[in-house]
$ cat final_15.cif   # mmCIF, C-alpha atoms and all ligand atoms
data_entry
#
loop_
_atom_site.label_atom_id
_atom_site.label_comp_id
_atom_site.auth_asym_id
_atom_site.auth_seq_id
_atom_site.Cartn_x
_atom_site.Cartn_y
_atom_site.Cartn_z
CA MET A 14 -8.07 7.31 -13.30
CA LEU A 15 -7.72 10.62 -11.51
CA PHE A 16 -10.20 12.08 -9.04
CA ASP A 17 -10.90 15.33 -7.27
CA LYS A 18 -11.66 13.79 -3.87
CA PRO A 19 -9.50 11.84 -1.44
CA PHE A 20 -11.90 8.91 -0.76
CA VAL A 21 -13.21 7.25 -3.93
CA THR A 22 -15.80 4.49 -4.34
CA LEU A 23 -15.63 2.68 -7.69
CA PRO A 24 -18.48 0.83 -9.37
CA LYS A 25 -18.31 -2.94 -9.73
CA ASN A 26 -16.43 -4.11 -12.83
CA ARG A 27 -19.13 -6.09 -14.63
CA ARG A 28 -17.12 -6.73 -17.79
CA GLY A 29 -13.75 -8.07 -16.72
CA ARG A 30 -11.29 -8.89 -13.99
CA ASP A 31 -9.74 -6.80 -11.20
CA PHE A 32 -6.02 -7.00 -10.43
CA CYS A 33 -3.92 -5.16 -7.87
CA ILE A 34 -0.26 -4.28 -8.37
CA GLY A 35 2.18 -3.80 -5.47
CA ASP A 36 4.54 -0.81 -5.07
CA LEU A 37 5.74 -0.13 -8.63
CA HIS A 38 8.60 2.33 -8.08
CA GLY A 39 9.19 3.11 -11.73
CA CYS A 40 9.30 -0.53 -12.90
CA TYR A 41 7.23 -0.09 -16.05
CA ALA A 42 8.83 -2.92 -18.04
CA MET A 43 8.27 -5.36 -15.18
CA LEU A 44 4.62 -4.28 -14.96
CA ASN A 45 4.09 -4.81 -18.67
CA ARG A 46 5.46 -8.36 -18.39
CA LEU A 47 2.94 -9.12 -15.62
CA LEU A 48 0.04 -7.63 -17.60
CA GLU A 49 1.08 -9.71 -20.60
CA ALA A 50 1.28 -12.91 -18.49
CA ALA A 51 -2.23 -12.27 -17.11
CA CYS A 52 -3.58 -11.53 -20.64
CA PHE A 53 -4.73 -8.19 -19.24
CA ASP A 54 -7.41 -6.62 -21.46
CA SER A 55 -7.47 -2.85 -20.91
CA GLY A 56 -10.91 -2.70 -22.53
CA ARG A 57 -12.44 -4.85 -19.79
CA ASP A 58 -10.05 -5.45 -16.91
CA ARG A 59 -9.00 -3.01 -14.19
CA LEU A 60 -5.62 -2.59 -12.52
CA LEU A 61 -5.77 -1.23 -8.98
CA SER A 62 -2.57 -0.02 -7.28
CA VAL A 63 -1.43 0.45 -3.66
CA GLY A 64 0.58 3.53 -4.71
CA ASP A 65 4.32 4.29 -4.77
CA LEU A 66 4.41 4.49 -8.56
CA VAL A 67 7.57 6.61 -8.58
CA HIS A 68 11.25 6.71 -7.49
CA ARG A 69 14.03 4.08 -7.55
CA GLY A 70 13.25 2.44 -10.92
CA PRO A 71 13.96 3.77 -14.44
CA SER A 72 10.42 4.70 -15.57
CA SER A 73 8.71 6.73 -12.84
CA VAL A 74 7.08 9.15 -15.26
CA GLU A 75 5.60 6.36 -17.40
CA CYS A 76 4.24 4.67 -14.27
CA LEU A 77 2.72 7.91 -12.97
CA LYS A 78 1.16 8.89 -16.31
CA MET A 79 -0.68 5.54 -16.36
CA ALA A 80 -2.89 7.15 -13.71
CA GLU A 81 -4.54 9.03 -16.61
CA LYS A 82 -5.71 5.75 -18.18
CA SER A 83 -9.33 4.67 -17.76
CA TRP A 84 -8.29 1.20 -16.53
CA PHE A 85 -5.65 2.12 -13.91
CA PHE A 86 -6.68 3.09 -10.35
CA PRO A 87 -3.82 4.01 -7.99
CA VAL A 88 -3.98 5.49 -4.51
CA MET A 89 -1.33 7.95 -3.40
CA GLY A 90 1.81 6.52 -1.78
CA ASN A 91 4.32 8.25 0.45
CA HIS A 92 6.66 8.56 -2.54
CA GLU A 93 4.03 10.54 -4.47
CA ALA A 94 3.63 12.76 -1.39
CA MET A 95 7.42 13.22 -1.22
CA GLN A 96 7.49 14.12 -4.91
CA GLN A 97 4.85 16.79 -4.26
CA GLY A 98 6.99 17.99 -1.36
CA ALA A 99 10.09 18.12 -3.57
CA TYR A 100 8.27 20.31 -6.11
CA ARG A 101 7.03 22.59 -3.33
CA GLY A 102 10.47 22.93 -1.74
CA GLU A 103 9.24 21.48 1.55
CA ILE A 104 11.42 20.70 4.53
CA GLY A 105 11.11 17.17 5.96
CA ALA A 106 10.96 16.14 9.61
CA ASP A 107 14.77 15.79 9.67
CA GLY A 108 15.27 19.42 8.58
CA ARG A 109 16.49 18.52 5.09
CA LEU A 110 14.74 19.46 1.88
CA VAL A 111 12.31 16.68 0.93
CA VAL A 112 13.94 16.53 -2.51
CA GLN A 113 16.95 14.87 -0.87
CA ALA A 114 14.78 12.03 0.45
CA CYS A 115 13.42 11.18 -3.01
CA GLU A 116 15.27 8.23 -4.47
CA TYR A 117 15.74 9.42 -8.03
CA ASP A 118 17.12 7.21 -10.76
CA GLY A 119 20.30 9.23 -11.21
CA PRO A 120 20.97 12.92 -12.04
CA ASP A 121 18.90 12.88 -15.24
CA ASP A 122 15.71 11.58 -13.64
CA PRO A 123 12.86 13.56 -15.26
CA LEU A 124 11.11 13.83 -11.87
CA ARG A 125 13.76 16.18 -10.50
CA PRO A 126 12.21 19.61 -9.82
CA GLY A 127 12.44 22.06 -12.69
CA ARG A 128 12.19 19.55 -15.56
CA LYS A 129 9.85 20.27 -18.44
CA ASP A 130 7.00 18.00 -17.38
CA GLN A 131 6.69 19.35 -13.85
CA ARG A 132 3.32 21.08 -14.18
CA HIS A 133 1.70 18.08 -15.83
CA ILE A 134 3.12 15.71 -13.20
CA GLU A 135 1.98 17.95 -10.36
CA GLN A 136 -1.54 17.92 -11.77
CA ILE A 137 -1.51 14.11 -11.66
CA LEU A 138 -0.10 13.97 -8.12
CA ASP A 139 -2.76 16.39 -6.89
CA ARG A 140 -5.56 14.12 -8.10
CA LEU A 141 -4.52 10.78 -6.59
CA PRO A 142 -7.00 9.60 -3.93
CA LEU A 143 -5.83 8.48 -0.47
CA ALA A 144 -8.27 5.56 -0.30
CA LEU A 145 -10.24 3.48 -2.80
CA GLU A 146 -13.19 1.20 -2.15
CA PHE A 147 -14.93 -1.13 -4.61
CA THR A 148 -16.94 -4.34 -4.77
CA LEU A 149 -15.68 -7.47 -6.54
CA SER A 150 -17.94 -9.45 -8.84
CA ASP A 151 -18.36 -12.06 -6.05
CA GLY A 152 -19.72 -9.35 -3.75
CA ARG A 153 -16.67 -8.88 -1.50
CA ARG A 154 -15.87 -5.27 -0.65
CA VAL A 155 -12.25 -4.25 -1.06
CA GLY A 156 -10.41 -1.25 0.38
CA ILE A 157 -7.00 0.08 -0.65
CA VAL A 158 -4.72 2.46 1.28
CA HIS A 159 -0.97 2.74 0.76
CA ALA A 160 0.57 1.90 4.15
CA GLY A 161 -2.25 -0.10 5.69
CA LEU A 162 -4.86 0.84 8.24
CA PRO A 163 -3.50 1.95 11.61
CA ILE A 164 -4.15 -0.57 14.38
CA GLU A 165 -7.57 -0.06 16.04
CA TRP A 166 -9.10 1.67 13.02
CA SER A 167 -12.11 0.21 11.25
CA TRP A 168 -12.64 0.83 7.53
CA LEU A 169 -15.73 2.81 8.58
CA ASP A 170 -13.38 5.38 10.18
CA VAL A 171 -11.46 6.03 6.98
CA GLN A 172 -13.88 8.01 4.85
CA GLY A 173 -15.07 10.26 7.67
CA MET A 174 -11.59 10.88 8.97
CA ILE A 175 -10.19 11.74 5.56
CA GLU A 176 -13.06 14.09 4.84
CA ARG A 177 -13.03 15.79 8.24
CA ASP A 178 -9.29 16.08 8.68
CA SER A 179 -8.62 19.77 8.26
CA ARG A 180 -4.85 19.15 8.18
CA LEU A 181 -5.17 16.83 5.21
CA PHE A 182 -3.43 19.11 2.78
CA ASP A 183 -1.04 20.71 5.24
CA LYS A 184 2.46 20.93 3.94
CA ASN A 185 3.71 18.71 6.73
CA ARG A 186 1.03 16.11 6.00
CA GLY A 187 0.02 15.44 9.56
CA GLY A 188 -3.02 13.59 10.77
CA VAL A 189 -4.79 11.01 8.68
CA GLN A 190 -2.64 11.45 5.61
CA ALA A 191 0.50 10.68 7.62
CA ASP A 192 -1.11 7.54 9.07
CA LEU A 193 -2.41 6.20 5.76
CA LEU A 194 0.81 6.92 3.84
CA TRP A 195 3.54 6.14 6.39
CA ASP A 196 2.46 3.88 9.29
CA ARG A 197 4.54 0.67 9.35
CA ALA A 198 3.24 -0.77 12.64
CA PRO A 199 0.42 -2.98 11.22
CA MET A 200 2.65 -4.61 8.61
CA VAL A 201 5.49 -5.16 11.09
CA SER A 202 3.01 -7.01 13.34
CA ALA A 203 2.06 -9.18 10.37
CA ALA A 204 5.71 -9.89 9.62
CA LEU A 205 6.21 -10.91 13.27
CA ALA A 206 3.25 -13.29 13.01
CA SER A 207 4.81 -14.93 9.96
CA LEU A 208 8.04 -15.94 11.75
CA PRO A 209 8.06 -19.71 12.28
CA ASP A 210 10.18 -19.62 15.44
CA ILE A 211 8.13 -17.50 17.82
CA LYS A 212 5.17 -19.71 18.79
CA GLY A 213 5.67 -20.09 22.55
CA ASP A 214 7.86 -17.07 23.08
CA LEU A 215 5.49 -14.16 22.64
CA ILE A 216 4.35 -13.98 26.23
CA THR A 217 7.83 -13.68 27.65
CA ALA A 218 9.11 -11.44 24.84
CA TYR A 219 6.51 -8.65 24.90
CA SER A 220 4.33 -6.80 27.36
CA ALA A 221 0.61 -7.56 27.32
CA ARG A 222 -0.06 -4.13 25.85
CA ASP A 223 2.35 -4.76 22.96
CA ARG A 224 0.94 -8.26 22.33
CA TYR A 225 -2.57 -6.79 22.29
CA ARG A 226 -1.57 -4.38 19.52
CA HIS A 227 0.10 -7.16 17.53
CA ALA A 228 -3.04 -9.28 17.96
CA LEU A 229 -5.28 -6.48 16.67
CA ALA A 230 -3.01 -5.91 13.66
CA ASN A 231 -3.45 -9.58 12.75
CA GLN A 232 -7.22 -9.68 13.20
CA PRO A 233 -9.63 -8.80 10.38
CA VAL A 234 -10.28 -5.10 9.87
CA ALA A 235 -13.97 -4.36 10.51
CA GLY A 236 -16.13 -2.75 7.85
CA ILE A 237 -14.42 -4.24 4.78
CA ASP A 238 -13.85 -7.76 3.43
CA LEU A 239 -10.36 -7.31 2.04
CA LEU A 240 -7.80 -4.55 2.67
CA LEU A 241 -4.88 -4.15 0.25
CA SER A 242 -1.72 -2.21 1.08
CA GLY A 243 1.96 -1.92 0.29
CA HIS A 244 4.63 0.45 1.68
CA THR A 245 6.81 -1.82 3.85
CA THR A 246 8.90 -4.24 1.79
CA LEU A 247 8.49 -7.94 2.49
CA ARG A 248 12.03 -9.29 2.50
CA SER A 249 10.66 -12.81 1.89
CA GLY A 250 9.97 -11.59 -1.64
CA HIS A 251 6.34 -12.74 -1.36
CA PRO A 252 3.12 -10.95 -0.42
CA LEU A 253 1.62 -11.70 3.00
CA SER A 254 -1.95 -12.12 4.25
CA THR A 255 -3.15 -11.77 7.82
CA GLY A 256 -6.79 -11.50 8.92
CA ASN A 257 -8.32 -9.78 5.89
CA ARG A 258 -5.25 -7.62 5.20
CA VAL A 259 -2.93 -8.34 2.27
CA TYR A 260 0.48 -6.63 1.91
CA LEU A 261 1.89 -6.42 -1.60
CA ASP A 262 5.22 -4.53 -1.48
CA THR A 263 7.87 -7.04 -2.54
CA GLY A 264 10.60 -4.48 -3.25
CA ALA A 265 10.31 -3.62 -6.95
CA GLY A 266 12.95 -1.04 -7.89
CA MET A 267 15.59 -2.64 -5.68
CA ILE A 268 17.96 -5.04 -7.40
CA ASP A 269 16.83 -8.02 -5.30
CA GLY A 270 13.17 -6.95 -5.31
CA ARG A 271 10.20 -8.33 -7.19
CA LEU A 272 6.98 -6.85 -8.52
CA THR A 273 3.77 -8.64 -7.43
CA MET A 274 0.34 -8.55 -9.10
CA LEU A 275 -2.67 -10.12 -7.39
CA ASP A 276 -5.73 -11.55 -9.18
CA LEU A 277 -8.40 -10.42 -6.74
CA LEU A 278 -11.04 -12.98 -7.60
CA LYS A 279 -8.77 -16.02 -7.86
CA GLY A 280 -6.41 -15.03 -5.04
CA SER A 281 -3.39 -16.08 -7.11
CA TYR A 282 -0.46 -13.78 -7.86
CA TRP A 283 2.22 -13.26 -10.47
CA GLN A 284 5.77 -12.07 -9.91
CA VAL A 285 8.67 -10.84 -11.96
CA ALA A 286 12.22 -10.13 -10.73
CA ASP A 287 14.39 -7.11 -11.52
CA PRO A 288 15.87 -7.16 -15.06
CA ARG A 289 19.35 -6.59 -13.60
CA LEU A 290 19.01 -10.10 -12.10
CA ASP A 291 16.71 -11.64 -14.73
CA PRO A 292 17.10 -9.94 -18.13
CA GLU A 293 14.47 -12.32 -19.56
CA LEU A 294 11.86 -10.96 -17.09
CA SER A 295 10.34 -14.40 -16.62
CA VAL A 296 6.99 -14.44 -14.84
CA THR A 297 6.05 -16.92 -12.10
CA GLU A 298 2.47 -17.54 -10.97
CA TYR A 299 1.67 -18.65 -7.41
CA PRO A 300 -1.73 -20.10 -6.43
CA SER A 301 -2.32 -18.15 -3.19
CA VAL A 302 -0.83 -15.50 -0.92
CA PRO A 303 1.18 -16.90 2.04
CA LEU A 304 -0.60 -16.60 5.39
CA THR A 305 0.72 -15.63 8.81
CA GLN A 306 0.52 -18.28 11.53
CA ARG A 307 -3.09 -18.64 12.57
CA ASP A 308 -2.57 -20.38 15.94
CA LEU A 309 -0.43 -17.83 17.76
CA VAL A 310 -1.43 -17.13 21.37
CA TRP A 311 -0.98 -13.38 21.68
CA LEU A 312 -2.70 -12.96 25.05
CA THR A 313 -3.71 -15.33 27.83
CA GLU A 314 -7.44 -15.72 28.48
CA GLU A 315 -7.06 -13.60 31.59
CA GLU A 316 -5.35 -10.87 29.58
CA TRP A 317 -8.07 -10.90 26.93
CA ARG A 318 -10.64 -10.39 29.70
CA THR A 319 -8.91 -7.20 30.75
CA ALA A 320 -7.73 -6.17 27.28
CA GLU A 321 -10.09 -3.19 27.14
CA THR A 322 -7.68 -1.40 29.45
CA PHE A 323 -5.02 -1.55 26.70
CA ARG A 324 -7.32 -0.05 24.15
CA ALA A 325 -6.52 3.49 23.20
CA ALA A 326 -9.47 5.83 22.96
CA ARG A 327 -11.37 5.37 19.67
CA PRO A 328 -9.44 6.97 16.86
CA PRO A 329 -10.02 10.66 17.27
CA VAL A 330 -11.51 12.67 14.47
CA ARG A 331 -8.28 14.45 13.89
CA GLY A 332 -8.10 18.12 13.18
CA GLN A 333 -11.11 18.86 15.40
MN MN A 401 7.09 1.57 -1.52
#
$ encode --input "final_15.cif" --output "structure tokens"
Amino acid sequence: MLFDKPFVTLPKNRRGRDFCIGDLHGCYAMLNRLLEAACFDSGRDRLLSVGDLVHRGPSSVECLKMAEKSWFFPVMGNHEAMQQGAYRGEIGADGRLVVQACEYDGPDDPLRPGRKDQRHIEQILDRLPLALEFTLSDGRRVGIVHAGLPIEWSWLDVQGMIERDSRLFDKNRGGVQADLLWDRAPMVSAALASLPDIKGDLITAYSARDRYRHALANQPVAGIDLLLSGHTTLRSGHPLSTGNRVYLDTGAGMIDGRLTMLDLLKGSYWQVADPRLDPELSVTEYPSVPLTQRDLVWLTEEEWRTAETFRAARPPVRGQ
């Protein structure tokens, strides 16, 4: 579904199930295998998406055009923003044309600027929301943003900041849009907390300020029950849960990547590998998302008592 506002609240799905797909990156055949394995019913069920529908894989346009379906609900990813930038001839932070940063599937990729579908595709890109919020049939409230929520933000900050950020549609995509589409810090903290070897070593390895930020990134986000994101690829090949955040980018579009689809009510997930490695596209179901270590000591008790001094000012209402 496409929308004309950047923060969208969806009604509860009273007829069927809700699923969320990780970063798709043009992997339309892999997606269809997962939908088939889950007996997805497009008349009842909904498929939410953390964005990054395009680039790398062979079927970016098919993946993007699904956004016009009544049962598919993607947020914008940084790759959609880059595609907009490529069409607009924008210059990236490194001084190169953004088009060079897009990972097209060869010289004939129909997303290259100037191809016949450009206007239609631009109209889709322009109507992807930055954040989605909805309630599951068990009453839990779910939020979706592409890259995750920057450390120290609450979900309650998101709507106001998106709506008030005057730079939202700047060509350089500063402010809130940059944070929601690009920030890798929260997910990197989660990946750190999933390493089995670090238990006693945190205090000597990092400053108290750094450990405080890692701790926050692994605590539940306030104002929402479940936060779904993608963006930074989990090299383990599996999704990862920390606090109430779940990360779903398992590298689809790369030869050793997988595509992950989460059943939001059951908490189980399905995966399929790249057809270059598994031409059969066999689907595997896993009962629950792996968790980070829950018993890590990020700060001493003394440090927690003084932790307020590490806290940055509340997230500013940017653009004001
Ligand atoms: Mn991605």
$ residues_near_ligand --input "final_15.cif" --ligand "ligand MN 401 (chain A)" --cutoff "6 Å" --atoms "only C-alpha atoms and all ligand atoms" --output "number ranges by chain"
A: 36, 65, 244
$ residues_near_point --input "final_15.cif" --point "(4.6, -4.4, -14.6)" --cutoff "10 Å" --atoms "only C-alpha atoms" --output "ChimeraX atom specification"
/A:34-35,37,39-50,76,265,272-274,284-285
$ closest_residue --input "final_15.cif" --among "A:Thr255, A:Phe20, A:Ala286, A:Gln172" --to "A:Asp269" --atoms "all atoms listed in the file"
A:Ala286
$ axis_aligned_box --input "final_15.cif" --around "stretch 227-233 of chain A" --padding-each-side "4 Å" --output "JSON"
{"center_x": -4.8, "center_y": -7.8, "center_z": 14.2, "size_x": 17.7, "size_y": 11.8, "size_z": 15.6}
$ residues_near_point --input "final_15.cif" --point "(0.3, -6.8, 25.6)" --cutoff "12 Å" --atoms "all atoms listed in the file" --output "list in words"
Leu215, Ile216, Thr217, Ala218, Tyr219, Ser220, Ala221, Arg222, Asp223, Arg224, Tyr225, Arg226, His227, Ala228, Leu229, Val310, Trp311, Leu312, Thr313, Glu315, Glu316, Trp317, Thr319, Ala320, Glu321, Thr322, Phe323 and Arg324 of chain A
$ residues_around --input "final_15.cif" --residues "A:Trp84" --least-positions-apart "3" --cutoff "7 Å" --atoms "all atoms listed in the file" --output "list of chain:residue names"
A:Met14, A:Ser55, A:Asp58, A:Arg59, A:Leu60
$ closest_residue --input "final_15.cif" --among "A:Ala160, A:Val112, A:Val155, A:Ile104" --to "A:Gly64" --atoms "only C-alpha atoms"
A:Ala160
$ residues_around --input "final_15.cif" --residues "A:Ser167" --least-positions-apart "6" --cutoff "9 Å" --atoms "all atoms listed in the file" --output "PyMOL selection string"
chain A and resi 234-237
$ residues_around --input "final_15.cif" --residues "A:Ala206" --least-positions-apart "6" --cutoff "8 Å" --atoms "only C-alpha atoms" --output "mmCIF file with C-alpha atoms, in the coordinates of the input"
data_model
loop_
_atom_site.group_PDB
_atom_site.id
_atom_site.type_symbol
_atom_site.label_atom_id
_atom_site.label_comp_id
_atom_site.auth_asym_id
_atom_site.auth_seq_id
_atom_site.Cartn_x
_atom_site.Cartn_y
_atom_site.Cartn_z
ATOM 1 C CA ASN A 231 -3.450 -9.580 12.750
ATOM 2 C CA THR A 305 0.720 -15.630 8.810
ATOM 3 C CA GLN A 306 0.520 -18.280 11.530
ATOM 4 C CA LEU A 309 -0.430 -17.830 17.760
#
$ atom_distance --input "final_15.cif" --atom1 "atom CA of A:Arg57" --atom2 "atom CA of A:Ser301"
23.6 Å
$ closest_residue --input "final_15.cif" --among "A:Leu138, A:Ala106, A:Leu194, A:Met174" --to "A:Val67" --atoms "only C-alpha atoms"
A:Leu138
$ residues_around --input "final_15.cif" --residues "A:Pro142" --least-positions-apart "5" --cutoff "6 Å" --atoms "only C-alpha atoms" --output "PyMOL selection string"
chain A and resi 19-20+88-89
$ atom_distance --input "final_15.cif" --atom1 "atom CA of A:Glu135" --atom2 "atom CA of A:Glu93"
9.7 Å
$ atom_distance --input "final_15.cif" --atom1 "atom CA of A:Thr246" --atom2 "atom CA of A:Asp308"
24.3 Å
$ closest_residue --input "final_15.cif" --among "A:Val111, A:Ala203, A:Val259, A:Ala230" --to "A:His159" --atoms "all atoms listed in the file"
A:Val259
$ closest_residue --input "final_15.cif" --among "A:Gly105, A:Met79, A:Ala114, A:Glu176" --to "A:Ile134" --atoms "only C-alpha atoms"
A:Met79
$ residues_around --input "final_15.cif" --residues "A:Ala144" --least-positions-apart "3" --cutoff "12 Å" --atoms "only C-alpha atoms" --output "mmCIF file with C-alpha atoms, in the coordinates of the input"
data_model
loop_
_atom_site.group_PDB
_atom_site.id
_atom_site.type_symbol
_atom_site.label_atom_id
_atom_site.label_comp_id
_atom_site.auth_asym_id
_atom_site.auth_seq_id
_atom_site.Cartn_x
_atom_site.Cartn_y
_atom_site.Cartn_z
ATOM 1 C CA PHE A 16 -10.200 12.080 -9.040
ATOM 2 C CA LYS A 18 -11.660 13.790 -3.870
ATOM 3 C CA PRO A 19 -9.500 11.840 -1.440
ATOM 4 C CA PHE A 20 -11.900 8.910 -0.760
ATOM 5 C CA VAL A 21 -13.210 7.250 -3.930
ATOM 6 C CA THR A 22 -15.800 4.490 -4.340
ATOM 7 C CA LEU A 23 -15.630 2.680 -7.690
ATOM 8 C CA LEU A 61 -5.770 -1.230 -8.980
ATOM 9 C CA SER A 62 -2.570 -0.020 -7.280
ATOM 10 C CA VAL A 63 -1.430 0.450 -3.660
ATOM 11 C CA GLY A 64 0.580 3.530 -4.710
ATOM 12 C CA PHE A 86 -6.680 3.090 -10.350
ATOM 13 C CA PRO A 87 -3.820 4.010 -7.990
ATOM 14 C CA VAL A 88 -3.980 5.490 -4.510
ATOM 15 C CA MET A 89 -1.330 7.950 -3.400
ATOM 16 C CA GLY A 90 1.810 6.520 -1.780
ATOM 17 C CA ARG A 140 -5.560 14.120 -8.100
ATOM 18 C CA LEU A 141 -4.520 10.780 -6.590
ATOM 19 C CA PHE A 147 -14.930 -1.130 -4.610
ATOM 20 C CA VAL A 155 -12.250 -4.250 -1.060
ATOM 21 C CA GLY A 156 -10.410 -1.250 0.380
ATOM 22 C CA ILE A 157 -7.000 0.080 -0.650
ATOM 23 C CA VAL A 158 -4.720 2.460 1.280
ATOM 24 C CA HIS A 159 -0.970 2.740 0.760
ATOM 25 C CA ALA A 160 0.570 1.900 4.150
ATOM 26 C CA GLY A 161 -2.250 -0.100 5.690
ATOM 27 C CA LEU A 162 -4.860 0.840 8.240
ATOM 28 C CA TRP A 168 -12.640 0.830 7.530
ATOM 29 C CA LEU A 169 -15.730 2.810 8.580
ATOM 30 C CA ASP A 170 -13.380 5.380 10.180
ATOM 31 C CA VAL A 171 -11.460 6.030 6.980
ATOM 32 C CA GLN A 172 -13.880 8.010 4.850
ATOM 33 C CA GLY A 173 -15.070 10.260 7.670
ATOM 34 C CA MET A 174 -11.590 10.880 8.970
ATOM 35 C CA ILE A 175 -10.190 11.740 5.560
ATOM 36 C CA GLU A 176 -13.060 14.090 4.840
ATOM 37 C CA VAL A 189 -4.790 11.010 8.680
ATOM 38 C CA GLN A 190 -2.640 11.450 5.610
ATOM 39 C CA ASP A 192 -1.110 7.540 9.070
ATOM 40 C CA LEU A 193 -2.410 6.200 5.760
ATOM 41 C CA LEU A 194 0.810 6.920 3.840
ATOM 42 C CA LEU A 240 -7.800 -4.550 2.670
ATOM 43 C CA LEU A 241 -4.880 -4.150 0.250
ATOM 44 C CA SER A 242 -1.720 -2.210 1.080
#
